[in-house]
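Shown below: run15.pdb, with PDB, C-alpha atoms.
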```pdb
ATOM      1  CA  MET A   6      84.914  44.473-140.710
ATOM      2  CA  LYS A   7      83.022  47.296-142.439
ATOM      3  CA  PHE A   8      82.987  49.210-139.152
ATOM      4  CA  PHE A   9      86.777  49.046-138.810
ATOM      5  CA  LYS A  10      87.230  50.133-142.447
ATOM      6  CA  ARG A  11      85.072  53.214-141.795
ATOM      7  CA  VAL A  12      87.062  54.059-138.673
ATOM      8  CA  LEU A  13      90.318  53.696-140.610
ATOM      9  CA  LEU A  14      88.985  55.953-143.395
ATOM     10  CA  LEU A  15      87.956  58.621-140.885
ATOM     11  CA  LEU A  16      91.383  58.494-139.280
ATOM     12  CA  LEU A  17      93.061  58.887-142.656
ATOM     13  CA  LEU A  18      90.840  61.833-143.577
ATOM     14  CA  SER A  19      91.553  63.493-140.249
ATOM     15  CA  GLN A  20      95.255  63.375-141.105
ATOM     16  CA  VAL A  21      94.916  64.402-144.763
ATOM     17  CA  THR A  22      92.483  67.334-144.505
ATOM     18  CA  PRO A  23      94.623  69.629-142.290
ATOM     19  CA  THR A  24      97.677  69.057-144.511
ATOM     20  CA  PHE A  25      95.592  69.702-147.627
ATOM     21  CA  ALA A  26      94.229  72.906-146.109
ATOM     22  CA  GLN A  27      97.714  74.099-145.102
ATOM     23  CA  GLU A  28      98.941  73.629-148.668
ATOM     24  CA  TYR A  29      96.022  75.533-150.221
ATOM     25  CA  PRO A  30      96.436  77.451-152.409
ATOM     26  CA  SER A  31      99.663  76.268-153.992
ATOM     27  CA  ARG A  32      98.910  77.615-157.481
ATOM     28  CA  PRO A  33      96.769  80.338-159.142
ATOM     29  CA  ILE A  34      92.992  80.252-158.689
ATOM     30  CA  THR A  35      90.561  80.795-161.565
ATOM     31  CA  LEU A  36      87.493  82.930-160.886
ATOM     32  CA  VAL A  37      84.942  82.328-163.650
ATOM     33  CA  VAL A  38      82.669  85.212-164.670
ATOM     34  CA  PRO A  39      79.859  83.983-166.983
ATOM     35  CA  PHE A  40      79.632  87.340-168.771
ATOM     36  CA  SER A  41      81.729  89.470-171.090
ATOM     37  CA  ALA A  42      84.647  91.630-170.029
ATOM     38  CA  GLY A  43      83.872  95.199-169.014
ATOM     39  CA  GLY A  44      80.456  94.590-167.484
ATOM     40  CA  PRO A  45      79.598  95.019-163.782
ATOM     41  CA  GLY A  46      80.303  91.369-162.927
ATOM     42  CA  ASP A  47      83.691  91.490-164.628
ATOM     43  CA  VAL A  48      84.634  94.711-162.812
ATOM     44  CA  ILE A  49      83.599  93.231-159.448
ATOM     45  CA  ALA A  50      85.529  90.028-160.132
ATOM     46  CA  ARG A  51      88.742  91.860-161.009
ATOM     47  CA  LEU A  52      88.549  94.023-157.888
ATOM     48  CA  LEU A  53      87.917  90.927-155.767
ATOM     49  CA  GLY A  54      90.685  88.998-157.485
ATOM     50  CA  THR A  55      93.259  91.679-156.750
ATOM     51  CA  SER A  56      92.299  91.945-153.080
ATOM     52  CA  MET A  57      91.870  88.209-152.432
ATOM     53  CA  SER A  58      95.239  87.467-154.037
ATOM     54  CA  ALA A  59      96.947  89.442-151.277
ATOM     55  CA  THR A  60      95.405  87.205-148.605
ATOM     56  CA  LEU A  61      95.711  83.898-150.444
ATOM     57  CA  LYS A  62      99.282  84.607-151.637
ATOM     58  CA  GLN A  63      98.352  83.327-155.091
ATOM     59  CA  ALA A  64      97.042  85.044-158.208
ATOM     60  CA  VAL A  65      93.281  84.998-158.782
ATOM     61  CA  VAL A  66      92.860  84.872-162.560
ATOM     62  CA  ILE A  67      89.574  86.062-164.084
ATOM     63  CA  GLU A  68      88.133  83.920-166.880
ATOM     64  CA  ASN A  69      85.145  85.202-168.867
ATOM     65  CA  VAL A  70      83.047  82.256-170.068
ATOM     66  CA  VAL A  71      80.215  83.850-172.050
ATOM     67  CA  GLY A  72      76.996  82.345-173.383
ATOM     68  CA  ALA A  73      73.520  80.955-172.717
ATOM     69  CA  GLY A  74      72.543  83.591-170.191
ATOM     70  CA  GLY A  75      75.478  82.790-167.939
ATOM     71  CA  THR A  76      74.789  79.051-167.777
ATOM     72  CA  LEU A  77      77.901  78.057-169.769
ATOM     73  CA  GLY A  78      80.301  79.582-167.269
ATOM     74  CA  THR A  79      78.247  78.403-164.321
ATOM     75  CA  ASN A  80      78.258  74.843-165.659
ATOM     76  CA  ARG A  81      82.023  74.987-166.096
ATOM     77  CA  VAL A  82      82.421  75.571-162.363
ATOM     78  CA  ALA A  83      79.762  73.004-161.446
ATOM     79  CA  LYS A  84      81.755  70.343-163.307
ATOM     80  CA  ALA A  85      85.191  71.449-162.050
ATOM     81  CA  PRO A  86      87.171  69.454-159.467
ATOM     82  CA  PRO A  87      86.208  70.482-155.902
ATOM     83  CA  ASP A  88      89.721  71.593-155.015
ATOM     84  CA  GLY A  89      89.238  75.346-154.599
ATOM     85  CA  TYR A  90      91.032  76.285-157.819
ATOM     86  CA  THR A  91      87.937  77.015-159.924
ATOM     87  CA  LEU A  92      85.413  79.458-158.463
ATOM     88  CA  LEU A  93      82.322  81.247-159.734
ATOM     89  CA  LEU A  94      81.111  84.818-159.388
ATOM     90  CA  MET A  95      77.451  84.887-160.410
ATOM     91  CA  HIS A  96      74.625  87.373-160.002
ATOM     92  CA  VAL A  97      70.880  86.948-159.429
ATOM     93  CA  GLY A  98      70.807  84.664-162.489
ATOM     94  CA  GLN A  99      71.763  81.819-160.148
ATOM     95  CA  ALA A 100      68.272  82.185-158.640
ATOM     96  CA  THR A 101      66.321  82.721-161.859
ATOM     97  CA  ALA A 102      67.873  79.934-163.952
ATOM     98  CA  PRO A 103      65.539  77.131-162.696
ATOM     99  CA  ALA A 104      62.462  79.083-163.839
ATOM    100  CA  LEU A 105      63.951  80.230-167.148
ATOM    101  CA  TYR A 106      65.615  77.054-168.444
ATOM    102  CA  ALA A 107      63.845  73.714-168.784
ATOM    103  CA  LYS A 108      66.963  71.524-168.877
ATOM    104  CA  LEU A 109      69.817  73.000-166.918
ATOM    105  CA  PRO A 110      73.012  70.902-166.944
ATOM    106  CA  PHE A 111      73.538  71.709-163.259
ATOM    107  CA  ASP A 112      71.604  72.304-160.029
ATOM    108  CA  PRO A 113      72.087  75.995-159.055
ATOM    109  CA  ILE A 114      71.825  75.097-155.365
ATOM    110  CA  GLY A 115      72.881  71.466-155.043
ATOM    111  CA  ASP A 116      75.953  71.539-157.295
ATOM    112  CA  PHE A 117      77.767  74.369-155.503
ATOM    113  CA  ALA A 118      79.435  75.136-152.209
ATOM    114  CA  PRO A 119      78.480  78.738-151.401
ATOM    115  CA  ILE A 120      81.261  81.008-150.182
ATOM    116  CA  GLY A 121      79.429  84.266-149.548
ATOM    117  CA  LEU A 122      77.538  87.233-150.877
ATOM    118  CA  VAL A 123      79.628  90.057-152.311
ATOM    119  CA  THR A 124      77.457  93.069-153.097
ATOM    120  CA  ASP A 125      73.980  94.255-154.029
ATOM    121  CA  VAL A 126      73.973  96.416-157.158
ATOM    122  CA  PRO A 127      70.794  98.509-157.291
ATOM    123  CA  MET A 128      68.995  99.136-160.553
ATOM    124  CA  ILE A 129      67.897 102.538-161.822
ATOM    125  CA  LEU A 130      64.771 103.117-163.886
ATOM    126  CA  ILE A 131      65.666 105.629-166.591
ATOM    127  CA  ALA A 132      64.095 107.040-169.747
ATOM    128  CA  ARG A 133      65.105 108.710-172.979
ATOM    129  CA  PRO A 134      65.860 112.452-172.985
ATOM    130  CA  ASN A 135      62.723 114.611-172.932
ATOM    131  CA  PHE A 136      60.483 111.734-171.820
ATOM    132  CA  PRO A 137      57.119 113.259-170.750
ATOM    133  CA  ALA A 138      57.282 112.381-167.035
ATOM    134  CA  LYS A 139      59.076 114.316-164.330
ATOM    135  CA  ASP A 140      58.867 111.677-161.588
ATOM    136  CA  LEU A 141      57.950 108.023-161.023
ATOM    137  CA  LYS A 142      54.285 108.808-160.351
ATOM    138  CA  GLU A 143      53.947 110.525-163.735
ATOM    139  CA  LEU A 144      55.915 107.745-165.434
ATOM    140  CA  ILE A 145      53.517 105.119-164.083
ATOM    141  CA  ALA A 146      50.511 107.140-165.215
ATOM    142  CA  HIS A 147      52.052 107.482-168.669
ATOM    143  CA  VAL A 148      52.823 103.779-169.143
ATOM    144  CA  ARG A 149      49.402 102.757-167.852
ATOM    145  CA  ALA A 150      47.767 105.097-170.343
ATOM    146  CA  GLN A 151      50.001 104.204-173.290
ATOM    147  CA  GLY A 152      50.443 100.490-172.538
ATOM    148  CA  ASP A 153      52.377  98.553-175.138
ATOM    149  CA  LYS A 154      53.109 101.734-177.107
ATOM    150  CA  VAL A 155      55.886 102.313-174.560
ATOM    151  CA  THR A 156      59.116 100.428-175.324
ATOM    152  CA  TYR A 157      61.654  99.247-172.798
ATOM    153  CA  GLY A 158      65.187  97.936-173.266
ATOM    154  CA  ASN A 159      65.898  94.327-172.422
ATOM    155  CA  VAL A 160      69.299  92.619-172.563
ATOM    156  CA  GLY A 161      67.809  89.145-172.789
ATOM    157  CA  LEU A 162      66.257  86.309-170.860
ATOM    158  CA  GLY A 163      67.325  86.340-167.223
ATOM    159  CA  SER A 164      69.345  89.536-167.523
ATOM    160  CA  ALA A 165      69.131  92.189-164.830
ATOM    161  CA  SER A 166      67.204  94.497-167.162
ATOM    162  CA  HIS A 167      64.785  91.689-168.040
ATOM    163  CA  LEU A 168      64.083  90.925-164.372
ATOM    164  CA  CYS A 169      63.781  94.586-163.466
ATOM    165  CA  GLY A 170      61.327  95.123-166.316
ATOM    166  CA  LEU A 171      59.217  92.149-165.180
ATOM    167  CA  MET A 172      59.082  93.433-161.627
ATOM    168  CA  PHE A 173      58.223  96.979-162.748
ATOM    169  CA  MET A 174      55.357  95.781-164.947
ATOM    170  CA  SER A 175      54.113  93.532-162.134
ATOM    171  CA  ALA A 176      54.302  96.337-159.572
ATOM    172  CA  VAL A 177      52.441  98.934-161.677
ATOM    173  CA  GLN A 178      50.138  96.528-163.567
ATOM    174  CA  ALA A 179      51.190  97.660-167.033
ATOM    175  CA  LYS A 180      52.381  95.814-170.133
ATOM    176  CA  LEU A 181      55.227  97.395-172.113
ATOM    177  CA  THR A 182      56.815  96.335-175.385
ATOM    178  CA  PRO A 183      60.325  94.885-174.985
ATOM    179  CA  VAL A 184      63.165  95.734-177.349
ATOM    180  CA  TYR A 185      65.964  93.185-177.141
ATOM    181  CA  TYR A 186      69.695  93.916-177.151
ATOM    182  CA  LYS A 187      72.857  91.841-177.022
ATOM    183  CA  GLY A 188      74.348  93.922-174.228
ATOM    184  CA  GLY A 189      73.772  96.752-171.786
ATOM    185  CA  GLY A 190      75.988  99.151-173.747
ATOM    186  CA  PRO A 191      73.847  99.144-176.904
ATOM    187  CA  ALA A 192      70.652  99.475-174.849
ATOM    188  CA  LEU A 193      72.004 102.449-172.917
ATOM    189  CA  ASN A 194      73.187 104.025-176.184
ATOM    190  CA  ASP A 195      69.684 103.705-177.639
ATOM    191  CA  ILE A 196      68.178 105.334-174.542
ATOM    192  CA  LEU A 197      70.613 108.233-174.932
ATOM    193  CA  ALA A 198      69.716 108.482-178.638
ATOM    194  CA  GLY A 199      65.983 108.386-177.895
ATOM    195  CA  HIS A 200      65.318 105.142-179.799
ATOM    196  CA  ILE A 201      63.600 103.403-176.855
ATOM    197  CA  ASP A 202      61.484 104.884-174.083
ATOM    198  CA  VAL A 203      62.568 103.329-170.791
ATOM    199  CA  TYR A 204      65.291 101.041-169.498
ATOM    200  CA  CYS A 205      66.226  99.515-166.157
ATOM    201  CA  ASP A 206      69.997  99.315-165.765
ATOM    202  CA  PRO A 207      72.422  98.498-162.946
ATOM    203  CA  ALA A 208      73.433 101.748-161.266
ATOM    204  CA  THR A 209      77.000 101.445-162.552
ATOM    205  CA  GLY A 210      75.909 102.370-166.094
ATOM    206  CA  PRO A 211      73.533 105.351-166.151
ATOM    207  CA  THR A 212      74.802 107.237-163.071
ATOM    208  CA  PRO A 213      77.155 109.630-164.979
ATOM    209  CA  PHE A 214      74.392 110.523-167.452
ATOM    210  CA  ILE A 215      71.872 111.205-164.686
ATOM    211  CA  GLN A 216      74.439 113.337-162.864
ATOM    212  CA  ALA A 217      75.002 115.310-166.063
ATOM    213  CA  GLY A 218      71.256 115.772-166.638
ATOM    214  CA  THR A 219      71.420 113.948-169.979
ATOM    215  CA  ILE A 220      68.653 111.474-169.093
ATOM    216  CA  PRO A 221      66.074 111.354-166.299
ATOM    217  CA  GLY A 222      66.371 108.865-163.448
ATOM    218  CA  TYR A 223      63.074 107.979-161.756
ATOM    219  CA  ALA A 224      63.939 105.623-158.917
ATOM    220  CA  ILE A 225      66.670 103.477-157.508
ATOM    221  CA  THR A 226      65.439  99.961-156.777
ATOM    222  CA  SER A 227      67.131  99.426-153.421
ATOM    223  CA  LYS A 228      66.092 100.069-149.840
ATOM    224  CA  LYS A 229      68.578 102.931-149.460
ATOM    225  CA  ARG A 230      69.605 105.827-151.655
ATOM    226  CA  VAL A 231      73.076 105.769-153.175
ATOM    227  CA  SER A 232      75.727 108.372-152.372
ATOM    228  CA  THR A 233      76.479 109.052-156.039
ATOM    229  CA  LEU A 234      72.849 110.124-156.653
ATOM    230  CA  PRO A 235      71.663 111.481-153.295
ATOM    231  CA  ASN A 236      68.598 113.197-154.759
ATOM    232  CA  LEU A 237      67.287 110.107-156.535
ATOM    233  CA  PRO A 238      64.524 108.507-154.421
ATOM    234  CA  THR A 239      64.192 104.812-153.804
ATOM    235  CA  SER A 240      61.212 103.123-155.417
ATOM    236  CA  ALA A 241      59.605 102.815-151.971
ATOM    237  CA  GLU A 242      60.041 106.542-151.328
ATOM    238  CA  ALA A 243      58.528 107.219-154.762
ATOM    239  CA  GLY A 244      55.436 105.207-153.838
ATOM    240  CA  VAL A 245      56.134 101.744-155.308
ATOM    241  CA  PRO A 246      57.585  99.564-152.508
ATOM    242  CA  ALA A 247      56.918  96.377-154.509
ATOM    243  CA  PHE A 248      59.444  97.552-157.124
ATOM    244  CA  ASP A 249      62.433  96.202-155.203
ATOM    245  CA  VAL A 250      65.176  94.450-157.185
ATOM    246  CA  THR A 251      68.963  94.341-156.987
ATOM    247  CA  THR A 252      71.573  92.593-159.070
ATOM    248  CA  TRP A 253      73.277  90.812-156.195
ATOM    249  CA  TYR A 254      76.473  88.835-156.643
ATOM    250  CA  GLY A 255      77.669  85.724-154.822
ATOM    251  CA  MET A 256      80.801  83.592-154.920
ATOM    252  CA  TYR A 257      80.683  79.797-155.199
ATOM    253  CA  ALA A 258      82.948  76.749-155.366
ATOM    254  CA  PRO A 259      81.980  73.326-156.730
ATOM    255  CA  ARG A 260      80.010  71.010-154.469
ATOM    256  CA  ASN A 261      82.086  68.907-152.035
ATOM    257  CA  THR A 262      84.894  71.453-151.790
ATOM    258  CA  PRO A 263      86.545  70.660-148.418
ATOM    259  CA  LYS A 264      85.475  72.907-145.560
ATOM    260  CA  PRO A 265      89.026  74.101-144.733
ATOM    261  CA  ILE A 266      89.345  75.398-148.289
ATOM    262  CA  VAL A 267      85.925  77.068-148.152
ATOM    263  CA  ASP A 268      86.936  78.646-144.824
ATOM    264  CA  ALA A 269      90.115  80.023-146.379
ATOM    265  CA  LEU A 270      88.117  81.525-149.250
ATOM    266  CA  VAL A 271      85.552  83.035-146.873
ATOM    267  CA  ASP A 272      88.364  84.658-144.899
ATOM    268  CA  ALA A 273      89.906  86.085-148.082
ATOM    269  CA  LEU A 274      86.509  87.340-149.284
ATOM    270  CA  LYS A 275      85.756  89.115-146.008
ATOM    271  CA  LYS A 276      89.145  90.810-146.015
ATOM    272  CA  ALA A 277      88.713  91.846-149.653
ATOM    273  CA  LEU A 278      85.355  93.460-148.893
ATOM    274  CA  LYS A 279      87.100  95.705-146.327
ATOM    275  CA  ASP A 280      90.059  96.560-148.565
ATOM    276  CA  PRO A 281      90.041 100.379-149.030
ATOM    277  CA  PRO A 282      90.781 100.368-152.797
ATOM    278  CA  LEU A 283      87.891  97.943-153.374
ATOM    279  CA  VAL A 284      85.526  99.796-151.033
ATOM    280  CA  ASN A 285      86.304 103.143-152.673
ATOM    281  CA  ARG A 286      85.901 101.789-156.203
ATOM    282  CA  PHE A 287      82.626 100.111-155.242
ATOM    283  CA  ALA A 288      81.365 103.465-153.924
ATOM    284  CA  GLU A 289      82.254 105.170-157.200
ATOM    285  CA  LEU A 290      80.151 102.527-158.982
ATOM    286  CA  SER A 291      77.161 102.957-156.611
ATOM    287  CA  MET A 292      77.853  99.598-154.943
ATOM    288  CA  THR A 293      78.397  98.644-151.317
ATOM    289  CA  PRO A 294      80.242  95.554-150.045
ATOM    290  CA  VAL A 295      78.023  93.314-147.918
ATOM    291  CA  GLU A 296      78.473  93.120-144.159
ATOM    292  CA  ASP A 297      80.581  90.323-142.634
ATOM    293  CA  GLU A 298      77.552  88.270-141.639
ATOM    294  CA  ARG A 299      76.365  88.127-145.266
ATOM    295  CA  ALA A 300      79.753  87.139-146.678
ATOM    296  CA  THR A 301      79.302  83.576-145.422
ATOM    297  CA  PRO A 302      78.191  80.234-146.899
ATOM    298  CA  ALA A 303      75.096  80.060-144.689
ATOM    299  CA  ALA A 304      73.948  83.568-145.616
ATOM    300  CA  LEU A 305      74.402  82.998-149.359
ATOM    301  CA  ASP A 306      72.672  79.615-149.224
ATOM    302  CA  ALA A 307      69.628  81.022-147.402
ATOM    303  CA  PHE A 308      69.455  84.104-149.632
ATOM    304  CA  LEU A 309      69.750  82.063-152.836
ATOM    305  CA  ARG A 310      66.855  79.833-151.792
ATOM    306  CA  THR A 311      64.663  82.841-150.938
ATOM    307  CA  GLU A 312      65.495  84.585-154.221
ATOM    308  CA  THR A 313      64.853  81.395-156.214
ATOM    309  CA  ASP A 314      61.340  81.139-154.766
ATOM    310  CA  LYS A 315      60.649  84.845-155.346
ATOM    311  CA  TRP A 316      61.767  84.949-158.960
ATOM    312  CA  SER A 317      60.124  81.643-159.848
ATOM    313  CA  ARG A 318      56.814  83.156-158.780
ATOM    314  CA  ILE A 319      57.346  86.424-160.681
ATOM    315  CA  ILE A 320      58.520  84.684-163.867
ATOM    316  CA  LYS A 321      55.548  82.305-163.769
ATOM    317  CA  GLN A 322      53.120  85.208-163.259
ATOM    318  CA  ALA A 323      54.632  86.916-166.309
ATOM    319  CA  GLY A 324      53.715  83.856-168.401
ATOM    320  CA  ILE A 325      57.309  83.123-169.416
ATOM    321  CA  GLU A 326      57.813  79.507-170.412
ATOM    322  CA  PRO A 327      61.152  77.830-169.645
ATOM    323  CA  GLN A 328      63.418  77.713-172.685
TER
END
```
Now, as a test, write the supplied structure out as C-alpha cells.
Amino acid sequence: MKFFKRVLLLLLLSQVTPTFAQEYPSRPITLVVPFSAGGPGDVIARLLGTSMSATLKQAVVIENVVGAGGTLGTNRVAKAPPDGYTLLLMHVGQATAPALYAKLPFDPIGDFAPIGLVTDVPMILIARPNFPAKDLKELIAHVRAQGDKVTYGNVGLGSASHLCGLMFMSAVQAKLTPVYYKGGGPALNDILAGHIDVYCDPATGPTPFIQAGTIPGYAITSKKRVSTLPNLPTSAEAGVPAFDVTTWYGMYAPRNTPKPIVDALVDALKKALKDPPLVNRFAELSMTPVEDERATPAALDAFLRTETDKWSRIIKQAGIEPQ
C-alpha cells in the first residue's frame, strides 16, 4: 500500500511541477541585501534587479535588511517559503559566518539553494596621503618595523575590510592596530583626512581618489589588474601572492526551492550578466561579471565550500573567537 501511495505522489508531482514552473513568476520578487543602501552589494543588487526583471517579466524589488554582520537579512531568506519570491544576494560573509558566529540561526550551506556567482570585487590596499611608502614592498617594511603603531581601518567583524586586513597581516607576518568604523564611508573619509594609516577597501570606493592622486594605492588583491587603474599592480605582481582576497557575491534561494524555479532564475541571472548597461556599469566600478560557467548552482556551491574552509583557517589562525 505504501508503495502505491509513493507512486501516486510522484505522479501528482510530475503534473504539478511543470504547471508551477510555467506560472513562475506571477508576482514581484524580493531580493534581500543584508547591508545598507548605497554600498557595493546594494548597487550590484539594483543593477541585477533591473536586468533580471526584463527576463522574468516581473519586478525584482530590493529590500535592505541590515544588522548583525549580514546575518539578519540572510536568516530572513533562510526562513522564507521556498517559492522563488524571496532571494538573497550575499558576499563572502556567507563563507565566513560559521567561523565568526557561535550560534547562527541558519546553515550558510544547507539552508540555501544556490543560484550562481555574480561578480568578484577586488580589494585595494590604500593609505593616508603622504604615507611614507611608495610601493607595497616599502609598505610591508614599514609595517613590520612599526608593528602595532600602524593603524588600519576596519568596518567590523566579517566585513570585507576586516577579512582583507586579516589576510594582509597573515601574508606579511605583521600585527597592526585596528580602528573600527560603522561603515566604509567613514573609514574612507578618515583615510582621506589622515586619521588612520592604512585601509583595505573594495575597489568601488577608493578608485576615484587613487586616479586623482589624492591617496596612494599599493596593490589590487585580484589575479588581474583592473581597467580603471591599469598601473596598479596586483598583490602577486608586487611580490605578495598570498595576499589574494576578493569580495565575491552570490545569489541564493531558500532550501528546497523547486528546480524549475531555480533554472528560471539561473537563466535570468546569466542574461543579466551579459546585459550591456550592467556590464558597462560594473566596469566603471572595477567589477567584472562572472563567466557563464560560474553563474550556476554547482559552481556557487563548490566555491562557497572552498571559501568556507579557507576563511575558517585564516580566522582561527588570527585567534578570533566566535561571537
(request) Taking the file as shown, find all residues satisfying the PyMOL selection byres ((chain A and resi 253) around 8) and write them as a ChimeraX atom specification. (result) /A:96-97,122-126,251-252,254-255
May I have the selected residues written with C-alpha atoms, as an mmCIF file, keeping the file's coordinate frame?
```
data_model
loop_
_atom_site.group_PDB
_atom_site.id
_atom_site.type_symbol
_atom_site.label_atom_id
_atom_site.label_comp_id
_atom_site.auth_asym_id
_atom_site.auth_seq_id
_atom_site.Cartn_x
_atom_site.Cartn_y
_atom_site.Cartn_z
ATOM 1 C CA HIS A 96 74.625 87.373 -160.002
ATOM 2 C CA VAL A 97 70.880 86.948 -159.429
ATOM 3 C CA LEU A 122 77.538 87.233 -150.877
ATOM 4 C CA VAL A 123 79.628 90.057 -152.311
ATOM 5 C CA THR A 124 77.457 93.069 -153.097
ATOM 6 C CA ASP A 125 73.980 94.255 -154.029
ATOM 7 C CA VAL A 126 73.973 96.416 -157.158
ATOM 8 C CA THR A 251 68.963 94.341 -156.987
ATOM 9 C CA THR A 252 71.573 92.593 -159.070
ATOM 10 C CA TYR A 254 76.473 88.835 -156.643
ATOM 11 C CA GLY A 255 77.669 85.724 -154.822
#
```
Can you build me a table of stretch 155-215 of chain A residues sitting at most 6 Å from stretch 127-141 of chain A, with the closest atom pair per residue and its distance in Å to one decimal, using only C-alpha atoms, sorted by chain and residue number, as JSON lines?
```
{"residue": "A:Ile196", "atom": "CA", "partner": "A:Arg133", "partner_atom": "CA", "distance": 4.8}
{"residue": "A:Leu197", "atom": "CA", "partner": "A:Arg133", "partner_atom": "CA", "distance": 5.9}
{"residue": "A:Gly199", "atom": "CA", "partner": "A:Arg133", "partner_atom": "CA", "distance": 5.0}
{"residue": "A:Asp202", "atom": "CA", "partner": "A:Arg133", "partner_atom": "CA", "distance": 5.4}
{"residue": "A:Val203", "atom": "CA", "partner": "A:Ala132", "partner_atom": "CA", "distance": 4.1}
{"residue": "A:Tyr204", "atom": "CA", "partner": "A:Ile131", "partner_atom": "CA", "distance": 5.4}
{"residue": "A:Cys205", "atom": "CA", "partner": "A:Leu130", "partner_atom": "CA", "distance": 4.5}
{"residue": "A:Asp206", "atom": "CA", "partner": "A:Met128", "partner_atom": "CA", "distance": 5.3}
{"residue": "A:Pro207", "atom": "CA", "partner": "A:Met128", "partner_atom": "CA", "distance": 4.2}
{"residue": "A:Ala208", "atom": "CA", "partner": "A:Met128", "partner_atom": "CA", "distance": 5.2}
```
(request) Step by step: start from the point (80.3, 75.2, -167.5) in the file's coordinates, keep every protein, DNA or RNA residue that has an atom no farther than 10 Å from it, count all atoms listed in the file, and write the set as a PyMOL selection string. (result) chain A and resi 37+39+70-72+75-85+110-111
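When the PyMOL selection byres ((chain A and resi 31) around 12) is evaluated on the file shown here, the picked residues come out as Phe25, Ala26, Gln27, Glu28, Tyr29, Pro30, Arg32, Pro33, Ile34, Leu61, Lys62, Gln63, Ala64, Val65, Asp88, Gly89, Tyr90 and Ile266 of chain A.
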Coordinates of box centre and edge lengths for stretch 193-200 of chain A, 5 Å on every side, axis-aligned, as AutoDock Vina command-line options:
```
--center_x 69.3 --center_y 105.5 --center_z -176.4 --size_x 17.9 --size_y 16.0 --size_z 16.9
```
Would you list the contacts of stretch 173-179 of chain A as a short mmCIF file (atom, residue, chain, number, x, y, z; two decimals) with C-alpha atoms, keeping the file's coordinate frame, taking every protein, DNA or RNA residue within 9 Å and counting all atoms listed in the file, but skipping same-chain residues closer than 6 positions in sequence?
```
data_model
loop_
_atom_site.label_atom_id
_atom_site.label_comp_id
_atom_site.auth_asym_id
_atom_site.auth_seq_id
_atom_site.Cartn_x
_atom_site.Cartn_y
_atom_site.Cartn_z
CA ILE A 145 53.52 105.12 -164.08
CA VAL A 148 52.82 103.78 -169.14
CA ARG A 149 49.40 102.76 -167.85
CA ALA A 150 47.77 105.10 -170.34
CA GLY A 152 50.44 100.49 -172.54
CA ASP A 153 52.38 98.55 -175.14
CA VAL A 245 56.13 101.74 -155.31
CA PRO A 246 57.58 99.56 -152.51
CA ALA A 247 56.92 96.38 -154.51
CA PHE A 248 59.44 97.55 -157.12
CA ASP A 249 62.43 96.20 -155.20
CA ILE A 319 57.35 86.42 -160.68
CA GLN A 322 53.12 85.21 -163.26
CA ALA A 323 54.63 86.92 -166.31
#
```
(message) So, with only C-alpha atoms as the atoms that count, which of A:His147, A:Lys228, A:His167, A:Arg51 lies closest to A:Ala192?
(response)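 Going through A:His147, A:Lys228, A:His167, A:Arg51 one by one, the smallest distance to A:Ala192 is for A:His167.
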9 Å contact set for A:Leu168, only C-alpha atoms, chain neighbours under 4 positions out, as a short mmCIF file (atom, residue, chain, number, x, y, z; two decimals) with C-alpha atoms, in the coordinates of the input:
```cif
data_model
loop_
_atom_site.label_atom_id
_atom_site.label_comp_id
_atom_site.auth_asym_id
_atom_site.auth_seq_id
_atom_site.Cartn_x
_atom_site.Cartn_y
_atom_site.Cartn_z
CA THR A 101 66.32 82.72 -161.86
CA ASN A 159 65.90 94.33 -172.42
CA LEU A 162 66.26 86.31 -170.86
CA GLY A 163 67.32 86.34 -167.22
CA SER A 164 69.34 89.54 -167.52
CA MET A 172 59.08 93.43 -161.63
CA PHE A 173 58.22 96.98 -162.75
CA VAL A 250 65.18 94.45 -157.18
CA TRP A 316 61.77 84.95 -158.96
CA ILE A 319 57.35 86.42 -160.68
CA ILE A 320 58.52 84.68 -163.87
#
```
(request) For the structure provided, state which residues fall under the PyMOL selection byres ((chain A and resi 41) around 7), and present them as JSON, numbers by chain. (result) {"A": [40, 42, 43, 44, 69, 71]}
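Each of A:Leu171, A:Leu36, A:Ile49, A:Ala102 was compared to A:Phe287 using all atoms listed in the file, and A:Ile49 turns out to be the nearest.
Residue nearest A:Val38 within the list A:Met57, A:Met95, A:Ala100, A:Leu144: A:Met95 [criterion: smallest interatomic distance, all atoms listed in the file].
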(request) Go through A:Leu274, A:Leu237, A:Ile220, A:Ala243 and flag the residue nearest A:Glu143, using all atoms listed in the file for the distances. (result)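 For A:Glu143, the nearest of the candidates is A:Ala243.
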(request) Between A:Ala269, A:Leu53, A:Val231, A:Ala304, single out the one closest to A:Pro282, counting only C-alpha atoms. (result)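 Selected residue with least distance to A:Pro282: A:Leu53.
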(message) With distances taken over all atoms listed in the file, which residue among A:Val66, A:Cys169, A:Leu278, A:Leu283 lies nearest A:Tyr157?
(response)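 Result for the nearest residue to A:Tyr157: A:Cys169.
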File output, stretch 253-259 of chain A (N, CA and C atoms) as a PDB file, in the first residue's frame:
```
ATOM      1  N   TRP A 253      33.504  38.533  -3.208  1.00  0.00           N
ATOM      2  CA  TRP A 253      32.646  37.933  -4.223  1.00  0.00           C
ATOM      3  C   TRP A 253      31.193  37.931  -3.754  1.00  0.00           C
ATOM      4  N   TYR A 254      30.298  37.945  -4.708  1.00  0.00           N
ATOM      5  CA  TYR A 254      28.866  37.950  -4.427  1.00  0.00           C
ATOM      6  C   TYR A 254      28.190  36.761  -5.103  1.00  0.00           C
ATOM      7  N   GLY A 255      27.242  36.151  -4.385  1.00  0.00           N
ATOM      8  CA  GLY A 255      26.458  35.057  -4.928  1.00  0.00           C
ATOM      9  C   GLY A 255      24.984  35.272  -4.661  1.00  0.00           C
ATOM     10  N   MET A 256      24.147  34.626  -5.470  1.00  0.00           N
ATOM     11  CA  MET A 256      22.701  34.724  -5.298  1.00  0.00           C
ATOM     12  C   MET A 256      22.153  33.375  -4.848  1.00  0.00           C
ATOM     13  N   TYR A 257      21.207  33.424  -3.900  1.00  0.00           N
ATOM     14  CA  TYR A 257      20.662  32.216  -3.286  1.00  0.00           C
ATOM     15  C   TYR A 257      19.141  32.306  -3.173  1.00  0.00           C
ATOM     16  N   ALA A 258      18.515  31.127  -3.138  1.00  0.00           N
ATOM     17  CA  ALA A 258      17.100  30.987  -2.787  1.00  0.00           C
ATOM     18  C   ALA A 258      17.037  30.108  -1.544  1.00  0.00           C
ATOM     19  N   PRO A 259      15.902  30.035  -0.869  1.00  0.00           N
ATOM     20  CA  PRO A 259      15.793  29.124   0.268  1.00  0.00           C
ATOM     21  C   PRO A 259      15.934  27.656  -0.171  1.00  0.00           C
TER      22      PRO A 259
END
```
